[in-house]
Every structure is written in C-alpha cells, then in structure tokens.
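So this one's final_33.pdb, PDB, C-alpha atoms:
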```
ATOM      1  CA  MET L   6      34.252  54.586 216.727
ATOM      2  CA  ALA L   7      34.009  51.715 219.195
ATOM      3  CA  ALA L   8      32.998  54.147 221.942
ATOM      4  CA  ILE L   9      30.248  55.702 219.807
ATOM      5  CA  GLU L  10      28.994  52.252 218.825
ATOM      6  CA  ALA L  11      28.964  51.058 222.431
ATOM      7  CA  ARG L  12      26.939  54.052 223.610
ATOM      8  CA  VAL L  13      24.387  53.926 220.810
ATOM      9  CA  HIS L  14      24.053  50.151 221.050
ATOM     10  CA  ALA L  15      23.453  50.398 224.797
ATOM     11  CA  LEU L  16      20.748  53.030 224.280
ATOM     12  CA  CYS L  17      19.066  50.946 221.573
ATOM     13  CA  LEU L  18      19.007  47.909 223.849
ATOM     14  CA  HIS L  19      17.835  49.830 226.906
ATOM     15  CA  TYR L  20      15.022  51.560 224.998
ATOM     16  CA  ALA L  21      14.240  48.718 222.579
ATOM     17  CA  ASP L  22      10.541  48.894 223.420
ATOM     18  CA  ARG L  23      10.493  52.526 222.229
ATOM     19  CA  LEU L  24      12.430  51.817 219.027
ATOM     20  CA  PRO L  25      10.722  48.926 217.211
ATOM     21  CA  PHE L  26      11.518  50.578 213.859
ATOM     22  CA  HIS L  27      14.590  52.757 214.502
ATOM     23  CA  GLY L  28      16.380  50.306 216.796
ATOM     24  CA  TRP L  29      19.804  48.716 216.468
ATOM     25  CA  HIS L  30      18.683  46.631 213.468
ATOM     26  CA  HIS L  31      18.081  49.875 211.570
ATOM     27  CA  VAL L  32      21.216  51.618 212.822
ATOM     28  CA  SER L  33      23.515  48.717 211.953
ATOM     29  CA  PHE L  34      22.035  48.332 208.448
ATOM     30  CA  VAL L  35      22.372  52.050 207.689
ATOM     31  CA  ARG L  36      25.889  52.089 209.116
ATOM     32  CA  ALA L  37      27.096  49.232 206.912
ATOM     33  CA  LYS L  38      25.551  50.611 203.748
ATOM     34  CA  ALA L  39      26.637  54.200 204.457
ATOM     35  CA  VAL L  40      30.273  53.163 204.840
ATOM     36  CA  GLY L  41      30.098  51.352 201.501
ATOM     37  CA  PHE L  42      28.557  54.351 199.769
ATOM     38  CA  ALA L  43      31.146  56.661 201.377
ATOM     39  CA  ARG L  44      34.024  54.564 200.064
ATOM     40  CA  ALA L  45      32.441  54.552 196.614
ATOM     41  CA  ASN L  46      31.948  58.322 196.380
ATOM     42  CA  GLY L  47      35.175  59.418 198.079
ATOM     43  CA  ALA L  48      33.585  60.740 201.268
ATOM     44  CA  ASN L  49      35.213  60.536 204.684
ATOM     45  CA  ALA L  50      34.075  57.025 205.622
ATOM     46  CA  SER L  51      34.832  57.380 209.349
ATOM     47  CA  VAL L  52      32.789  60.552 209.672
ATOM     48  CA  VAL L  53      29.941  58.974 207.698
ATOM     49  CA  GLU L  54      30.066  55.882 209.909
ATOM     50  CA  ALA L  55      29.818  58.005 213.040
ATOM     51  CA  ALA L  56      26.926  59.967 211.533
ATOM     52  CA  ALA L  57      25.123  56.734 210.706
ATOM     53  CA  LEU L  58      25.485  55.534 214.290
ATOM     54  CA  VAL L  59      23.888  58.676 215.756
ATOM     55  CA  HIS L  60      21.561  59.744 212.951
ATOM     56  CA  ASP L  61      18.286  58.633 214.574
ATOM     57  CA  VAL L  62      18.797  59.386 218.265
ATOM     58  CA  ASN L  63      16.074  62.042 217.928
ATOM     59  CA  TYR L  64      13.538  59.219 218.280
ATOM     60  CA  LEU L  65      14.766  58.766 221.839
ATOM     61  CA  VAL L  66      14.131  62.443 222.530
ATOM     62  CA  ARG L  67      10.697  62.837 220.934
ATOM     63  CA  ARG L  68       8.423  60.578 218.930
ATOM     64  CA  ASN L  69       7.923  61.347 215.243
ATOM     65  CA  SER L  70      10.542  64.098 215.332
ATOM     66  CA  ALA L  71      13.033  65.672 212.957
ATOM     67  CA  ALA L  72      16.734  64.804 213.169
ATOM     68  CA  SER L  73      17.435  68.194 214.713
ATOM     69  CA  ALA L  74      15.473  67.181 217.832
ATOM     70  CA  GLY L  75      18.299  64.804 218.679
ATOM     71  CA  ARG L  76      21.097  67.368 218.443
ATOM     72  CA  GLY L  77      21.645  67.693 222.180
ATOM     73  CA  LEU L  78      21.758  63.942 222.788
ATOM     74  CA  ARG L  79      23.842  63.416 219.644
ATOM     75  CA  MET L  80      26.443  65.966 220.694
ATOM     76  CA  ASP L  81      26.561  64.527 224.217
ATOM     77  CA  LEU L  82      27.140  61.007 222.866
ATOM     78  CA  LEU L  83      29.916  62.192 220.587
ATOM     79  CA  ALA L  84      31.559  64.213 223.357
ATOM     80  CA  GLU L  85      31.428  61.237 225.726
ATOM     81  CA  ALA L  86      33.097  59.134 223.021
ATOM     82  CA  GLY L  87      35.939  61.654 222.767
ATOM     83  CA  VAL L  88      35.014  63.132 219.382
ATOM     84  CA  PRO L  89      36.503  66.651 219.007
ATOM     85  CA  GLY L  90      33.908  69.425 218.974
ATOM     86  CA  GLN L  91      34.579  70.513 215.404
ATOM     87  CA  VAL L  92      34.189  66.966 214.104
ATOM     88  CA  ALA L  93      31.062  66.425 216.211
ATOM     89  CA  ARG L  94      29.494  69.539 214.698
ATOM     90  CA  TRP L  95      30.373  68.251 211.211
ATOM     91  CA  ILE L  96      28.713  64.921 212.009
ATOM     92  CA  ASP L  97      25.607  66.717 213.250
ATOM     93  CA  GLU L  98      25.471  68.811 210.072
ATOM     94  CA  ILE L  99      25.704  65.648 207.948
ATOM     95  CA  VAL L 100      22.752  64.122 209.799
ATOM     96  CA  ASP L 101      20.668  67.248 209.184
ATOM     97  CA  GLU L 102      21.697  67.437 205.522
ATOM     98  CA  ALA L 103      20.763  63.823 204.869
ATOM     99  CA  GLU L 104      17.224  64.053 206.258
ATOM    100  CA  MET L 105      14.673  62.970 203.654
ATOM    101  CA  ARG L 106      12.176  65.779 204.078
ATOM    102  CA  THR L 107      14.719  68.593 203.623
ATOM    103  CA  ARG L 108      17.547  67.160 201.515
ATOM    104  CA  HIS L 109      18.306  68.524 198.059
ATOM    105  CA  ARG L 110      20.375  67.667 195.031
ATOM    106  CA  HIS L 111      23.585  69.352 196.179
ATOM    107  CA  ILE L 112      24.200  68.063 199.701
ATOM    108  CA  SER L 113      27.750  67.065 200.702
ATOM    109  CA  ILE L 114      29.135  63.707 199.616
ATOM    110  CA  GLU L 115      29.159  62.587 203.257
ATOM    111  CA  ALA L 116      25.451  63.392 203.551
ATOM    112  CA  GLN L 117      24.833  61.673 200.231
ATOM    113  CA  ALA L 118      26.353  58.451 201.540
ATOM    114  CA  LEU L 119      24.264  58.567 204.717
ATOM    115  CA  SER L 120      21.142  59.533 202.801
ATOM    116  CA  ASP L 121      21.498  56.687 200.310
ATOM    117  CA  ALA L 122      21.856  54.150 203.116
ATOM    118  CA  ASP L 123      18.855  55.461 205.045
ATOM    119  CA  THR L 124      16.797  55.788 201.865
ATOM    120  CA  LEU L 125      17.620  52.219 200.906
ATOM    121  CA  PHE L 126      16.226  50.991 204.221
ATOM    122  CA  LYS L 127      12.981  52.795 203.384
ATOM    123  CA  ALA L 128      12.893  51.314 199.873
ATOM    124  CA  LEU L 129      13.654  47.712 200.842
ATOM    125  CA  PRO L 130      10.834  45.422 199.658
ATOM    126  CA  ILE L 131      10.656  43.922 203.154
ATOM    127  CA  THR L 132      10.151  47.262 204.918
ATOM    128  CA  PRO L 133       6.425  47.773 204.236
ATOM    129  CA  VAL L 134       5.779  44.078 204.924
ATOM    130  CA  MET L 135       7.863  43.487 208.050
ATOM    131  CA  LEU L 136       8.543  46.923 209.523
ATOM    132  CA  ALA L 137       5.871  49.492 208.608
ATOM    133  CA  HIS L 138       3.614  48.472 211.499
ATOM    134  CA  ARG L 139       6.581  49.018 213.810
ATOM    135  CA  TYR L 140       6.915  52.597 212.531
ATOM    136  CA  LEU L 141       3.221  53.197 213.250
ATOM    137  CA  GLU L 142       3.660  51.869 216.775
ATOM    138  CA  GLU L 143       6.890  53.745 217.477
ATOM    139  CA  ASN L 144       5.703  57.125 216.263
ATOM    140  CA  GLY L 145       2.015  57.018 217.117
ATOM    141  CA  VAL L 146       0.836  57.800 213.602
ATOM    142  CA  SER L 147      -1.967  56.359 211.500
ATOM    143  CA  LEU L 148      -1.567  54.420 208.283
ATOM    144  CA  ARG L 149      -2.899  57.422 206.370
ATOM    145  CA  GLU L 150      -0.402  59.730 208.046
ATOM    146  CA  LEU L 151       2.484  57.404 207.186
ATOM    147  CA  ALA L 152       1.341  57.063 203.564
ATOM    148  CA  ASP L 153       1.004  60.844 203.268
ATOM    149  CA  LYS L 154       4.468  61.297 204.766
ATOM    150  CA  ILE L 155       6.168  58.795 202.462
ATOM    151  CA  VAL L 156       4.518  59.993 199.266
ATOM    152  CA  GLY L 157       4.749  63.657 200.228
ATOM    153  CA  GLU L 158       8.438  63.552 201.121
ATOM    154  CA  GLN L 159       9.728  61.046 198.590
ATOM    155  CA  ARG L 160       7.738  61.388 195.362
ATOM    156  CA  GLY L 161       9.204  64.729 194.302
ATOM    157  CA  ILE L 162      12.761  63.672 195.110
ATOM    158  CA  HIS L 163      12.276  60.478 193.128
ATOM    159  CA  ASP L 164      10.764  62.287 190.152
ATOM    160  CA  ASP L 165      13.561  64.888 190.204
ATOM    161  CA  GLY L 166      16.147  62.113 189.839
ATOM    162  CA  TYR L 167      18.090  62.107 193.097
ATOM    163  CA  TYR L 168      16.250  59.549 195.191
ATOM    164  CA  PHE L 169      19.651  57.847 195.303
ATOM    165  CA  TYR L 170      22.759  59.977 194.767
ATOM    166  CA  ASN L 171      24.998  57.000 193.984
ATOM    167  CA  ARG L 172      24.369  55.925 190.387
ATOM    168  CA  SER L 173      25.113  52.264 191.093
ATOM    169  CA  ALA L 174      22.586  52.348 193.939
ATOM    170  CA  ALA L 175      20.031  53.993 191.655
ATOM    171  CA  ASP L 176      20.579  51.331 189.005
ATOM    172  CA  ARG L 177      20.460  48.450 191.466
ATOM    173  CA  TYR L 178      17.693  49.591 193.804
ATOM    174  CA  GLY L 179      15.698  52.067 191.716
ATOM    175  CA  HIS L 180      12.974  49.561 190.851
ATOM    176  CA  TRP L 181      12.517  48.834 194.551
ATOM    177  CA  ALA L 182      11.994  52.541 195.182
ATOM    178  CA  ARG L 183       9.483  52.843 192.352
ATOM    179  CA  ALA L 184       7.512  49.833 193.590
ATOM    180  CA  ASN L 185       7.584  51.118 197.172
ATOM    181  CA  LEU L 186       6.306  54.556 196.209
ATOM    182  CA  GLU L 187       3.581  53.057 194.032
ATOM    183  CA  LEU L 188       2.509  50.809 196.914
ATOM    184  CA  TRP L 189       2.235  53.757 199.313
ATOM    185  CA  LYS L 190       0.372  55.792 196.699
ATOM    186  CA  CYS L 191      -2.114  52.914 196.450
ATOM    187  CA  ILE L 192      -2.383  52.812 200.247
ATOM    188  CA  GLN L 193      -3.119  56.552 200.204
ATOM    189  CA  GLU L 194      -5.941  55.943 197.749
ATOM    190  CA  SER L 195      -7.289  52.873 199.532
ATOM    191  CA  VAL L 196      -7.830  54.559 202.881
ATOM    192  CA  ASP L 197     -10.317  56.903 201.174
ATOM    193  CA  ASP L 198     -12.583  53.915 200.530
ATOM    194  CA  ALA L 199     -15.316  53.688 203.168
ATOM    195  CA  GLU L 200     -15.234  49.893 203.349
ATOM    196  CA  VAL L 201     -11.452  49.881 203.704
ATOM    197  CA  THR L 202     -11.780  52.366 206.559
ATOM    198  CA  GLU L 203     -14.283  50.069 208.254
ATOM    199  CA  LEU L 204     -11.911  47.136 207.743
ATOM    200  CA  LEU L 205      -9.015  49.035 209.328
ATOM    201  CA  ASP L 206     -11.202  50.063 212.258
ATOM    202  CA  ALA L 207     -12.192  46.439 212.803
ATOM    203  CA  VAL L 208      -8.581  45.256 212.678
ATOM    204  CA  ASN L 209      -7.527  47.978 215.110
ATOM    205  CA  ALA L 210     -10.339  46.986 217.454
ATOM    206  CA  VAL L 211      -9.164  43.384 217.469
ATOM    207  CA  ASP L 212      -5.602  44.489 218.166
ATOM    208  CA  ALA L 213      -6.752  46.733 220.992
ATOM    209  CA  ALA L 214      -8.776  43.927 222.571
ATOM    210  CA  ALA L 215      -5.831  41.531 222.301
ATOM    211  CA  SER L 216      -3.493  43.947 224.053
TER     212      SER L 216
END
```
Render the structure in this file as structure tokens.
Amino acid sequence: MAAIEARVHALCLHYADRLPFHGWHHVSFVRAKAVGFARANGANASVVEAAALVHDVNYLVRRNSAASAGRGLRMDLLAEAGVPGQVARWIDEIVDEAEMRTRHRHISIEAQALSDADTLFKALPITPVMLAHRYLEENGVSLRELADKIVGEQRGIHDDGYYFYNRSAADRYGHWARANLELWKCIQESVDDAEVTELLDAVNAVDAAAS
C-alpha cells in the first residue's frame, strides 16, 4: 500500500497544475472515506484502499475521460508497486464498477465503498463553492456542460434510491446530495437566460484578460 501511495502521490505532485480538481486532496479524501465504508459493509478494505488511490489516474492520461482511459497507467502503477496481476485486475474492475455514469444498484461491495466515497466528494456542500471552477479548468468544459453532466448522470441514480449504497451514508449525507442536485438543476436553468449568458461571458472575458 505504501508503494502505491508513494507513486500516486508523486504523480499528483508532479502534475498538480493538471489536476486542480482530481489532485491529491481528492485522492486522499476518497481513500479515507472508502476505507471506512469498506469496513462498514464487509468489503476487502485493502483492495478498496488501493482502488481509491488509483481510481482517477485517467485524468493524467486524457482530460474529461472515463475511468477506463486510465487502465494502462493504473495497471503499470500497481505492477510497479508489486501488486499481483490477479489482484490488480480486481482493483481495475472495482474502479470501472464504481464510476458514476455507468454504476448500477448491484455492483460489488468493494465498488460500493469506493463509489460512496467518490460520490460524497461530489455531494459535499463545499464542492460547488470551492472546487467546481477547478473541475472546469481541469477538464476544459463549460459551466453548462458540467451542469448537464451532473444532473444527467446523478439525478436518475438519486431518484432510484442508490445514490449512496451505505444506509448510514444516505441518512447522514442524503440532504447534501439533494441540495447539490437542486443547485445544479438551477444552474442548468439559469444558463438558458440571455442576461445570465451575457454575465458569464463578461466574467470569462475579465478572467481571460487577467491571465
């Protein structure tokens, strides 16, 4: 585990300018929460911890990409850390299973633990305030595209009742998720207003001039 951590941490530091959203701050948060969720649901905590450490390396391979884009780098990192091939493949499968846009109600308990941790990061009340602009910068997407992504990927899962798999997490953080989704739905609606569009263009112009 120490070897995996060291390699991922080094990559996050070296490419910090490319990972303002998915950097070490994100990885370490998801890791800590995923281990807690794994212990609560009876999953293999070590495997979940390793999956959490490597779950977002795809953003080093290609901007705005799916988890599968990082498979080659992920497998290389795990091999360099001495993880047996069979276990490395299991870790990679967990990362794919846990991805928001494709996950379903019946994923493995290891993927559930990782998913709940990553989903919680998205639902944190501070994320849209302190981190959303970093996602826009990192992935080269517009505010409309991010709002469409969040609502499009998360609304159905939330309404179907498995936004969080862990019931304690759902009870504790569910109102954060509801508020977050409502906020992004409002953002979706607001960017259709002509004056709001003009406002955003003006703000972007100021930012461009400042840089």
Item checked: Atom pair CA of Met80 in chain L / CA of Ala7 in chain L: separation (Å) -> 16.2 Å
Next item on the list: Might you pull out every residue within 10 Å of Phe34 in chain L, with only C-alpha atoms counted and same-chain residues fewer than 4 positions away left off, and present them as a PyMOL selection string?
Entry: chain L and resi 29-30+38-39+57-58+122-123+125-126
The PyMOL selection byres ((chain L and resi 85) around 12) on the file shown: which residues, as a short mmCIF file (atom, residue, chain, number, x, y, z; two decimals) with C-alpha atoms, in the coordinates of the input?
```
data_model
loop_
_atom_site.label_atom_id
_atom_site.label_comp_id
_atom_site.auth_asym_id
_atom_site.auth_seq_id
_atom_site.Cartn_x
_atom_site.Cartn_y
_atom_site.Cartn_z
CA MET L 6 34.25 54.59 216.73
CA ALA L 7 34.01 51.72 219.20
CA ALA L 8 33.00 54.15 221.94
CA ILE L 9 30.25 55.70 219.81
CA GLU L 10 28.99 52.25 218.82
CA ALA L 11 28.96 51.06 222.43
CA ARG L 12 26.94 54.05 223.61
CA VAL L 13 24.39 53.93 220.81
CA LEU L 78 21.76 63.94 222.79
CA ARG L 79 23.84 63.42 219.64
CA MET L 80 26.44 65.97 220.69
CA ASP L 81 26.56 64.53 224.22
CA LEU L 82 27.14 61.01 222.87
CA LEU L 83 29.92 62.19 220.59
CA ALA L 84 31.56 64.21 223.36
CA ALA L 86 33.10 59.13 223.02
CA GLY L 87 35.94 61.65 222.77
CA VAL L 88 35.01 63.13 219.38
CA PRO L 89 36.50 66.65 219.01
CA GLY L 90 33.91 69.42 218.97
CA ALA L 93 31.06 66.42 216.21
#
```
Note to self: With the PyMOL selection byres ((chain L and resi 100) around 10) as the selection, what would be picked from this file? Answer as a ChimeraX atom specification, please.
What the structure shows: /L:53,55-57,59-61,72-73,75-76,79,94-99,101-104,115-116,119-120
Note to self: Distance cut-off 12 Å, centre (2.4, 51.4, 196.5) in file coordinates, counting all atoms listed in the file: which residues qualify? Return them as a VMD selection string.
What the structure shows: chain L and resid 128 130 133 to 134 152 to 153 155 to 156 160 181 to 195
Margin query: Between L:Val52, L:Val32, L:Ile131, L:Val211, which residue has the minimum interatomic distance to Val92 in chain L, considering all atoms listed in the file?
Written below: L:Val52
